[in-house]
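Below is model_33.pdb, which holds PDB, C-alpha atoms, pLDDT in the B column.
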```pdb
ATOM      1  CA  MET A   1      44.864  -2.009  70.551  1.00 49.00           C
ATOM      2  CA  LYS A   2      46.855  -2.732  67.374  1.00 45.00           C
ATOM      3  CA  ARG A   3      45.799  -2.882  63.685  1.00 49.00           C
ATOM      4  CA  SER A   4      47.251  -5.337  61.201  1.00 47.00           C
ATOM      5  CA  ALA A   5      46.267  -6.025  57.614  1.00 47.00           C
ATOM      6  CA  VAL A   6      46.603  -8.999  55.319  1.00 46.00           C
ATOM      7  CA  ASP A   7      46.992  -8.517  51.578  1.00 48.00           C
ATOM      8  CA  GLY A   8      43.566  -8.309  49.995  1.00 47.00           C
ATOM      9  CA  ALA A   9      41.720  -8.974  53.302  1.00 48.00           C
ATOM     10  CA  SER A  10      39.953  -6.845  55.864  1.00 49.00           C
ATOM     11  CA  PRO A  11      42.177  -5.311  58.623  1.00 51.00           C
ATOM     12  CA  LEU A  12      42.505  -7.170  61.912  1.00 48.00           C
ATOM     13  CA  ILE A  13      41.967  -5.335  65.182  1.00 50.00           C
ATOM     14  CA  VAL A  14      43.881  -6.850  68.108  1.00 47.00           C
ATOM     15  CA  ILE A  15      42.533  -5.892  71.515  1.00 50.00           C
ATOM     16  CA  VAL A  16      45.088  -6.236  74.326  1.00 50.00           C
ATOM     17  CA  GLY A  17      43.735  -6.417  77.881  1.00 51.00           C
ATOM     18  CA  ARG A  18      43.864  -8.348  81.036  1.00 53.00           C
ATOM     19  CA  GLY A  19      42.316 -11.421  79.506  1.00 51.00           C
ATOM     20  CA  GLY A  20      44.848 -11.538  76.697  1.00 51.00           C
ATOM     21  CA  SER A  21      44.691 -10.418  73.145  1.00 50.00           C
ATOM     22  CA  LYS A  22      41.581 -11.226  71.129  1.00 50.00           C
ATOM     23  CA  PRO A  23      41.822 -10.651  67.373  1.00 50.00           C
ATOM     24  CA  ARG A  24      38.672  -9.338  65.640  1.00 53.00           C
ATOM     25  CA  ARG A  25      38.096  -8.678  61.929  1.00 51.00           C
ATOM     26  CA  ALA A  26      36.739  -5.288  61.067  1.00 49.00           C
ATOM     27  CA  SER A  27      33.718  -5.269  58.717  1.00 48.00           C
ATOM     28  CA  SER A  28      34.054  -3.323  55.468  1.00 47.00           C
ATOM     29  CA  SER A  29      31.028  -1.324  54.410  1.00 45.00           C
ATOM     30  CA  SER A  30      32.060  -1.460  50.755  1.00 44.00           C
ATOM     31  CA  SER A  31      32.291  -5.271  50.678  1.00 45.00           C
ATOM     32  CA  SER A  32      29.020  -5.908  52.488  1.00 47.00           C
ATOM     33  CA  SER A  33      26.779  -3.653  50.388  1.00 49.00           C
ATOM     34  CA  PRO A  34      25.728  -5.074  46.970  1.00 50.00           C
ATOM     35  CA  PRO A  35      26.770  -3.120  43.865  1.00 52.00           C
ATOM     36  CA  SER A  36      24.058  -0.911  42.470  1.00 50.00           C
ATOM     37  CA  SER A  37      23.212  -1.013  38.774  1.00 53.00           C
ATOM     38  CA  PRO A  38      23.502   2.402  37.137  1.00 52.00           C
ATOM     39  CA  ASN A  39      20.731   1.614  34.568  1.00 54.00           C
ATOM     40  CA  THR A  40      18.086   0.544  37.067  1.00 53.00           C
ATOM     41  CA  GLY A  41      16.945   4.062  37.836  1.00 55.00           C
ATOM     42  CA  SER A  42      16.779   5.233  34.199  1.00 57.00           C
ATOM     43  CA  ALA A  43      14.881   2.157  32.920  1.00 61.00           C
ATOM     44  CA  LYS A  44      11.698   2.970  34.846  1.00 67.00           C
ATOM     45  CA  PRO A  45      11.282   6.545  33.515  1.00 70.00           C
ATOM     46  CA  ASN A  46      11.918   5.348  29.954  1.00 79.00           C
ATOM     47  CA  LYS A  47       9.230   2.688  30.301  1.00 77.00           C
ATOM     48  CA  LYS A  48       6.769   5.264  31.629  1.00 79.00           C
ATOM     49  CA  ILE A  49       7.451   7.573  28.677  1.00 80.00           C
ATOM     50  CA  THR A  50       6.988   4.693  26.217  1.00 80.00           C
ATOM     51  CA  ASP A  51       3.698   3.704  27.819  1.00 76.00           C
ATOM     52  CA  ARG A  52       2.448   7.294  27.698  1.00 78.00           C
ATOM     53  CA  LEU A  53       3.383   7.633  24.012  1.00 77.00           C
ATOM     54  CA  SER A  54       1.642   4.360  23.190  1.00 76.00           C
ATOM     55  CA  GLY A  55      -1.460   5.576  24.974  1.00 74.00           C
ATOM     56  CA  VAL A  56      -1.471   8.843  23.019  1.00 76.00           C
ATOM     57  CA  ILE A  57      -1.041   7.009  19.688  1.00 75.00           C
ATOM     58  CA  ASP A  58      -3.896   4.628  20.544  1.00 69.00           C
ATOM     59  CA  ALA A  59      -6.125   7.560  21.474  1.00 73.00           C
ATOM     60  CA  VAL A  60      -5.378   9.368  18.188  1.00 72.00           C
ATOM     61  CA  ASN A  61      -6.065   6.249  16.121  1.00 68.00           C
ATOM     62  CA  ASP A  62      -9.236   5.638  18.077  1.00 65.00           C
ATOM     63  CA  ARG A  63     -10.486   9.135  17.234  1.00 68.00           C
ATOM     64  CA  LYS A  64     -10.082   8.349  13.526  1.00 65.00           C
ATOM     65  CA  LEU A  65     -12.666   5.552  13.769  1.00 65.00           C
ATOM     66  CA  PRO A  66     -16.407   6.162  13.463  1.00 63.00           C
ATOM     67  CA  PRO A  67     -18.172   6.666  16.810  1.00 67.00           C
ATOM     68  CA  GLU A  68     -19.711   3.198  16.505  1.00 61.00           C
ATOM     69  CA  LEU A  69     -16.264   1.581  16.538  1.00 61.00           C
ATOM     70  CA  ARG A  70     -14.445   3.758  19.066  1.00 63.00           C
ATOM     71  CA  GLY A  71     -13.159   1.950  22.101  1.00 61.00           C
ATOM     72  CA  GLN A  72     -13.054  -1.396  20.282  1.00 61.00           C
ATOM     73  CA  ARG A  73     -10.068  -1.022  17.979  1.00 55.00           C
ATOM     74  CA  ASN A  74      -9.148  -4.673  18.480  1.00 56.00           C
ATOM     75  CA  ALA A  75     -12.483  -5.668  16.891  1.00 54.00           C
ATOM     76  CA  VAL A  76     -11.669  -3.747  13.676  1.00 52.00           C
ATOM     77  CA  ARG A  77      -9.954  -6.332  11.483  1.00 50.00           C
ATOM     78  CA  SER A  78      -9.905  -4.462   8.174  1.00 54.00           C
ATOM     79  CA  GLU A  79     -11.262  -1.483   6.264  1.00 57.00           C
ATOM     80  CA  THR A  80     -14.337  -3.566   5.450  1.00 60.00           C
ATOM     81  CA  ASP A  81     -15.615  -3.084   8.997  1.00 62.00           C
ATOM     82  CA  ILE A  82     -15.375   0.689   8.585  1.00 63.00           C
ATOM     83  CA  LEU A  83     -17.073   0.553   5.166  1.00 67.00           C
ATOM     84  CA  ASN A  84     -19.924  -1.436   6.674  1.00 72.00           C
ATOM     85  CA  VAL A  85     -20.500   1.336   9.202  1.00 72.00           C
ATOM     86  CA  VAL A  86     -20.513   3.927   6.400  1.00 74.00           C
ATOM     87  CA  GLU A  87     -23.025   1.894   4.382  1.00 80.00           C
ATOM     88  CA  GLN A  88     -25.273   1.548   7.425  1.00 78.00           C
ATOM     89  CA  ARG A  89     -25.239   5.322   7.886  1.00 79.00           C
ATOM     90  CA  ILE A  90     -26.156   5.854   4.224  1.00 84.00           C
ATOM     91  CA  TRP A  91     -29.066   3.401   4.420  1.00 83.00           C
ATOM     92  CA  HIS A  92     -30.341   4.970   7.626  1.00 81.00           C
ATOM     93  CA  SER A  93     -30.190   8.424   6.020  1.00 83.00           C
ATOM     94  CA  MET A  94     -32.093   7.151   2.970  1.00 83.00           C
ATOM     95  CA  GLU A  95     -34.777   5.578   5.124  1.00 83.00           C
ATOM     96  CA  GLU A  96     -35.176   8.799   7.090  1.00 84.00           C
ATOM     97  CA  GLY A  97     -35.477  10.839   3.885  1.00 83.00           C
ATOM     98  CA  HIS A  98     -32.316  12.877   4.275  1.00 82.00           C
ATOM     99  CA  PHE A  99     -31.606  12.571   0.533  1.00 80.00           C
ATOM    100  CA  GLU A 100     -35.003  13.940  -0.497  1.00 81.00           C
ATOM    101  CA  ASN A 101     -35.495  17.495  -1.724  1.00 79.00           C
ATOM    102  CA  LEU A 102     -31.790  18.164  -2.057  1.00 80.00           C
ATOM    103  CA  PRO A 103     -30.692  21.397  -3.764  1.00 80.00           C
ATOM    104  CA  GLY A 104     -30.481  20.927  -7.513  1.00 79.00           C
ATOM    105  CA  LYS A 105     -32.648  17.793  -7.576  1.00 79.00           C
ATOM    106  CA  GLY A 106     -33.758  16.941 -11.110  1.00 81.00           C
ATOM    107  CA  LYS A 107     -31.326  19.420 -12.666  1.00 84.00           C
ATOM    108  CA  PRO A 108     -28.200  18.602 -14.696  1.00 85.00           C
ATOM    109  CA  LEU A 109     -24.924  18.604 -12.804  1.00 78.00           C
ATOM    110  CA  ASP A 110     -22.562  21.519 -13.187  1.00 76.00           C
ATOM    111  CA  LEU A 111     -19.373  19.893 -14.406  1.00 72.00           C
ATOM    112  CA  SER A 112     -17.609  23.118 -15.354  1.00 73.00           C
ATOM    113  CA  THR A 113     -15.491  22.886 -12.196  1.00 74.00           C
ATOM    114  CA  ASN A 114     -14.295  20.038 -10.002  1.00 74.00           C
ATOM    115  CA  PRO A 115     -14.144  21.066  -6.328  1.00 75.00           C
ATOM    116  CA  HIS A 116     -12.121  17.955  -5.455  1.00 75.00           C
ATOM    117  CA  ALA A 117      -9.367  18.514  -8.042  1.00 74.00           C
ATOM    118  CA  ASP A 118      -6.233  20.575  -7.699  1.00 78.00           C
ATOM    119  CA  PRO A 119      -7.037  24.187  -8.733  1.00 81.00           C
ATOM    120  CA  ALA A 120      -4.171  24.274 -11.236  1.00 81.00           C
ATOM    121  CA  GLU A 121      -5.219  20.983 -12.857  1.00 77.00           C
ATOM    122  CA  ASP A 122      -8.880  22.015 -12.887  1.00 79.00           C
ATOM    123  CA  THR A 123      -8.005  25.226 -14.732  1.00 83.00           C
ATOM    124  CA  LEU A 124      -5.868  23.290 -17.221  1.00 79.00           C
ATOM    125  CA  TYR A 125      -8.674  20.782 -17.927  1.00 78.00           C
ATOM    126  CA  ARG A 126     -11.183  23.612 -18.481  1.00 81.00           C
ATOM    127  CA  ILE A 127      -8.839  25.269 -20.998  1.00 84.00           C
ATOM    128  CA  LEU A 128      -8.404  21.966 -22.854  1.00 80.00           C
ATOM    129  CA  SER A 129     -12.147  21.357 -22.821  1.00 79.00           C
ATOM    130  CA  ARG A 130     -12.913  24.790 -24.283  1.00 82.00           C
ATOM    131  CA  ASN A 131     -10.479  24.125 -27.121  1.00 83.00           C
ATOM    132  CA  LYS A 132     -11.938  20.648 -27.663  1.00 81.00           C
ATOM    133  CA  CYS A 133      -8.693  18.986 -26.621  1.00 83.00           C
ATOM    134  CA  ALA A 134      -8.125  16.071 -24.270  1.00 83.00           C
ATOM    135  CA  PRO A 135      -5.334  15.643 -21.713  1.00 83.00           C
ATOM    136  CA  GLU A 136      -2.231  13.837 -22.909  1.00 87.00           C
ATOM    137  CA  TRP A 137      -2.965  10.712 -20.863  1.00 89.00           C
ATOM    138  CA  VAL A 138      -6.428  10.401 -22.471  1.00 90.00           C
ATOM    139  CA  GLU A 139      -4.994  10.508 -25.990  1.00 91.00           C
ATOM    140  CA  LEU A 140      -2.220   8.117 -25.011  1.00 94.00           C
ATOM    141  CA  ASN A 141      -4.773   5.712 -23.549  1.00 94.00           C
ATOM    142  CA  LYS A 142      -6.626   5.594 -26.871  1.00 94.00           C
ATOM    143  CA  GLU A 143      -3.401   4.994 -28.793  1.00 95.00           C
ATOM    144  CA  ILE A 144      -2.333   2.163 -26.488  1.00 95.00           C
ATOM    145  CA  ARG A 145      -5.704   0.409 -26.690  1.00 95.00           C
ATOM    146  CA  ASN A 146      -5.747   0.659 -30.501  1.00 96.00           C
ATOM    147  CA  ASN A 147      -2.178  -0.649 -30.679  1.00 96.00           C
ATOM    148  CA  ILE A 148      -3.020  -3.570 -28.406  1.00 95.00           C
ATOM    149  CA  ALA A 149      -6.074  -4.491 -30.500  1.00 95.00           C
ATOM    150  CA  GLU A 150      -4.047  -4.427 -33.745  1.00 96.00           C
ATOM    151  CA  TRP A 151      -1.161  -6.335 -32.139  1.00 96.00           C
ATOM    152  CA  ARG A 152      -3.442  -9.102 -30.908  1.00 94.00           C
ATOM    153  CA  SER A 153      -5.042  -9.394 -34.334  1.00 94.00           C
ATOM    154  CA  VAL A 154      -1.638  -9.884 -35.978  1.00 94.00           C
ATOM    155  CA  LEU A 155      -0.621 -12.330 -33.235  1.00 94.00           C
ATOM    156  CA  LYS A 156      -3.738 -14.394 -33.869  1.00 93.00           C
ATOM    157  CA  LYS A 157      -2.922 -14.656 -37.569  1.00 92.00           C
ATOM    158  CA  ALA A 158       0.693 -15.591 -36.834  1.00 92.00           C
ATOM    159  CA  TRP A 159      -0.495 -18.221 -34.361  1.00 92.00           C
ATOM    160  CA  ALA A 160      -2.715 -19.690 -37.065  1.00 90.00           C
ATOM    161  CA  CYS A 161       0.389 -20.042 -39.274  1.00 89.00           C
ATOM    162  CA  LYS A 162       2.173 -21.905 -36.486  1.00 88.00           C
ATOM    163  CA  LYS A 163      -0.743 -24.244 -35.996  1.00 86.00           C
ATOM    164  CA  GLY A 164      -0.838 -24.770 -39.767  1.00 86.00           C
ATOM    165  CA  GLY A 165       2.733 -26.030 -39.713  1.00 85.00           C
ATOM    166  CA  ASP A 166       4.434 -22.935 -41.174  1.00 85.00           C
ATOM    167  CA  ASP A 167       7.117 -22.642 -38.497  1.00 87.00           C
ATOM    168  CA  SER A 168       9.460 -20.438 -40.563  1.00 89.00           C
ATOM    169  CA  LYS A 169       6.819 -17.747 -40.988  1.00 90.00           C
ATOM    170  CA  TRP A 170       5.941 -18.008 -37.304  1.00 91.00           C
ATOM    171  CA  LEU A 171       9.549 -17.369 -36.310  1.00 91.00           C
ATOM    172  CA  VAL A 172       9.698 -14.199 -38.410  1.00 92.00           C
ATOM    173  CA  LEU A 173       6.334 -12.875 -37.264  1.00 92.00           C
ATOM    174  CA  SER A 174       6.906 -13.746 -33.601  1.00 92.00           C
ATOM    175  CA  GLY A 175      10.200 -11.822 -33.615  1.00 93.00           C
ATOM    176  CA  ASP A 176       8.468  -8.712 -34.987  1.00 94.00           C
ATOM    177  CA  LEU A 177       5.608  -9.103 -32.549  1.00 94.00           C
ATOM    178  CA  LYS A 178       7.970  -9.249 -29.579  1.00 94.00           C
ATOM    179  CA  LEU A 179       9.573  -5.979 -30.661  1.00 95.00           C
ATOM    180  CA  GLN A 180       6.148  -4.376 -30.997  1.00 95.00           C
ATOM    181  CA  LEU A 181       5.170  -5.717 -27.563  1.00 95.00           C
ATOM    182  CA  ARG A 182       8.214  -4.031 -26.050  1.00 95.00           C
ATOM    183  CA  ASP A 183       7.217  -0.731 -27.666  1.00 96.00           C
ATOM    184  CA  ILE A 184       3.650  -1.045 -26.332  1.00 95.00           C
ATOM    185  CA  ASN A 185       4.920  -1.734 -22.821  1.00 95.00           C
ATOM    186  CA  ASN A 186       7.139   1.356 -23.013  1.00 95.00           C
ATOM    187  CA  ARG A 187       4.041   3.396 -23.866  1.00 95.00           C
ATOM    188  CA  VAL A 188       2.156   1.816 -20.984  1.00 94.00           C
ATOM    189  CA  PHE A 189       5.001   2.707 -18.623  1.00 95.00           C
ATOM    190  CA  ARG A 190       4.941   6.335 -19.778  1.00 94.00           C
ATOM    191  CA  TYR A 191       1.153   6.418 -19.499  1.00 94.00           C
ATOM    192  CA  ASN A 192       1.259   5.181 -15.904  1.00 93.00           C
ATOM    193  CA  LEU A 193       3.607   8.022 -14.985  1.00 93.00           C
ATOM    194  CA  ILE A 194       1.254  10.802 -16.131  1.00 90.00           C
ATOM    195  CA  VAL A 195      -2.189   9.299 -15.555  1.00 88.00           C
ATOM    196  CA  PRO A 196      -4.178  10.232 -12.413  1.00 82.00           C
ATOM    197  CA  PHE A 197      -3.969   7.762  -9.559  1.00 81.00           C
ATOM    198  CA  GLY A 198      -6.233   4.734  -9.954  1.00 82.00           C
ATOM    199  CA  ARG A 199      -6.233   4.662 -13.784  1.00 85.00           C
ATOM    200  CA  GLN A 200      -2.988   2.771 -14.350  1.00 90.00           C
ATOM    201  CA  MET A 201      -2.776  -0.013 -16.935  1.00 91.00           C
ATOM    202  CA  PHE A 202      -1.017  -3.380 -17.016  1.00 92.00           C
ATOM    203  CA  GLY A 203       1.514  -4.131 -19.702  1.00 92.00           C
ATOM    204  CA  LEU A 204       1.463  -7.133 -22.027  1.00 93.00           C
ATOM    205  CA  LYS A 205       3.249 -10.421 -21.365  1.00 94.00           C
ATOM    206  CA  TRP A 206       4.183 -12.731 -24.220  1.00 94.00           C
ATOM    207  CA  GLU A 207       3.573 -15.950 -22.297  1.00 93.00           C
ATOM    208  CA  LYS A 208       0.169 -14.737 -21.104  1.00 93.00           C
ATOM    209  CA  GLU A 209      -0.934 -13.776 -24.607  1.00 93.00           C
ATOM    210  CA  ILE A 210       0.131 -17.160 -25.994  1.00 92.00           C
ATOM    211  CA  GLY A 211      -1.739 -18.864 -23.166  1.00 91.00           C
ATOM    212  CA  ARG A 212      -4.851 -16.857 -24.019  1.00 89.00           C
ATOM    213  CA  LEU A 213      -4.677 -18.092 -27.616  1.00 88.00           C
ATOM    214  CA  ASN A 214      -4.349 -21.663 -26.409  1.00 86.00           C
ATOM    215  CA  ASP A 215      -7.434 -21.231 -24.247  1.00 84.00           C
ATOM    216  CA  GLU A 216      -9.410 -19.910 -27.207  1.00 79.00           C
ATOM    217  CA  GLU A 217      -8.731 -23.016 -29.265  1.00 72.00           C
ATOM    218  CA  PRO A 218     -11.670 -25.447 -29.423  1.00 66.00           C
ATOM    219  CA  ARG A 219     -11.277 -28.481 -27.223  1.00 66.00           C
ATOM    220  CA  PRO A 220     -11.711 -31.962 -28.737  1.00 59.00           C
ATOM    221  CA  VAL A 221     -15.062 -33.484 -27.898  1.00 56.00           C
ATOM    222  CA  GLU A 222     -14.726 -36.619 -25.825  1.00 59.00           C
ATOM    223  CA  GLU A 223     -16.904 -39.512 -26.954  1.00 52.00           C
TER
END
```

Reformat the file's structure so that it appears as structure tokens.
Amino acid sequence: MKRSAVDGASPLIVIVGRGGSKPRRASSSSSSSPPSSPNTGSAKPNKKITDRLSGVIDAVNDRKLPPELRGQRNAVRSETDILNVVEQRIWHSMEEGHFENLPGKGKPLDLSTNPHADPAEDTLYRILSRNKCAPEWVELNKEIRNNIAEWRSVLKKAWACKKGGDDSKWLVLSGDLKLQLRDINNRVFRYNLIVPFGRQMFGLKWEKEIGRLNDEEPRPVEE
């Protein structure tokens, strides 16, 4: 028996016997077996971990819902659905008399402390109240509202000059009013930085104020 090899091919095995030589090609185990992908084994565990994490997140979010809505998170389209459940609970409690004979019924509320406020802020507000002072954002709110009322009054008079044909006076007054509007908006911006959440104000816009004056003008009566 003799072995011979061809470049790049499987080795040939030549069997010599009585019946003559019969060449046979040896099979290669490396060429017959398909290549294995190194990422195939790691993809399955990663998918299992992702599925388990998704299940845990869904379970946590489901526990945040009221008992009436648990197990049907897909049916909850917005916060309105949750508020409806809360309102139903309140009405059921009222019908069953759970709000009757509560402690302190018929007595004035004790507003000396706010249990829902930050302790430091609550102490500060009590000190200001005892000294008959208001927080800075309260005083600033009053100033801004007074400034806006005065500014709109001057704007209305300047607009009347424009409608009366006095364009030169309108140009002078409108320039001053725009500077005052910028100052008011700067105050509004500062107010929004120090005011408690939910009490923010909108600034003024020149185009919107002019449009409001146009809307206030009487419309011609159609015959």

Given the file shown, determine the residues that the PyMOL selection byres ((chain A and resi 160) around 12) selects; report them as a PyMOL selection string. chain A and resi 153-159+161-167+169-170+173-174+210+213-214+216-217

Would you mind telling me which residue in A:Ile194, A:Leu124, A:Val86, A:Ile184 lies nearest to Arg152 (chain A) when using only C-alpha atoms?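 Closest candidate: A:Ile184.
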
Explicit residues for the PyMOL selection byres ((chain A and resi 136) around 12) (as JSON, numbers by chain): {"A": [124, 125, 128, 133, 134, 135, 137, 138, 139, 140, 141, 142, 143, 190, 191, 192, 193, 194, 195, 196]}

Store the residues picked out above in a file with C-alpha atoms, as a PDB file, in the frame of the given file.
```pdb
ATOM      1  CA  LEU A 124      -5.868  23.290 -17.221  1.00 79.00           C
ATOM      2  CA  TYR A 125      -8.674  20.782 -17.927  1.00 78.00           C
ATOM      3  CA  LEU A 128      -8.404  21.966 -22.854  1.00 80.00           C
ATOM      4  CA  CYS A 133      -8.693  18.986 -26.621  1.00 83.00           C
ATOM      5  CA  ALA A 134      -8.125  16.071 -24.270  1.00 83.00           C
ATOM      6  CA  PRO A 135      -5.334  15.643 -21.713  1.00 83.00           C
ATOM      7  CA  TRP A 137      -2.965  10.712 -20.863  1.00 89.00           C
ATOM      8  CA  VAL A 138      -6.428  10.401 -22.471  1.00 90.00           C
ATOM      9  CA  GLU A 139      -4.994  10.508 -25.990  1.00 91.00           C
ATOM     10  CA  LEU A 140      -2.220   8.117 -25.011  1.00 94.00           C
ATOM     11  CA  ASN A 141      -4.773   5.712 -23.549  1.00 94.00           C
ATOM     12  CA  LYS A 142      -6.626   5.594 -26.871  1.00 94.00           C
ATOM     13  CA  GLU A 143      -3.401   4.994 -28.793  1.00 95.00           C
ATOM     14  CA  ARG A 190       4.941   6.335 -19.778  1.00 94.00           C
ATOM     15  CA  TYR A 191       1.153   6.418 -19.499  1.00 94.00           C
ATOM     16  CA  ASN A 192       1.259   5.181 -15.904  1.00 93.00           C
ATOM     17  CA  LEU A 193       3.607   8.022 -14.985  1.00 93.00           C
ATOM     18  CA  ILE A 194       1.254  10.802 -16.131  1.00 90.00           C
ATOM     19  CA  VAL A 195      -2.189   9.299 -15.555  1.00 88.00           C
ATOM     20  CA  PRO A 196      -4.178  10.232 -12.413  1.00 82.00           C
TER      21      PRO A 196
END
```

So how many Å separate CA of Trp91 (chain A) and CA of Pro103 (chain A), to one decimal?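 So the answer is 19.8 Å.
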
Interatomic distance between CA of Ile127 (chain A) and CA of Lys105 (chain A)?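 Straight-line distance from CA of Ile127 (chain A) to CA of Lys105 (chain A) works out to 28.3 Å.
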
Under the PyMOL selection byres ((chain A and resi 205) around 12), which residues of this model are included? Write them out as a ChimeraX atom specification. /A:148,152,177-178,180-182,184-185,202-204,206-212

Rounded to one decimal in Å, what is the spacing between CA of Leu111 (chain A) and CA of Ser129 (chain A)?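 Here the two named atoms are 11.2 Å from each other.
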
I need the residue nearest Arg187 (chain A) from this list: A:Arg145, A:Glu150, A:Asp118, A:Val172. Use only C-alpha atoms for the distance.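 Closest to Arg187 (chain A) of all the choices is A:Arg145.
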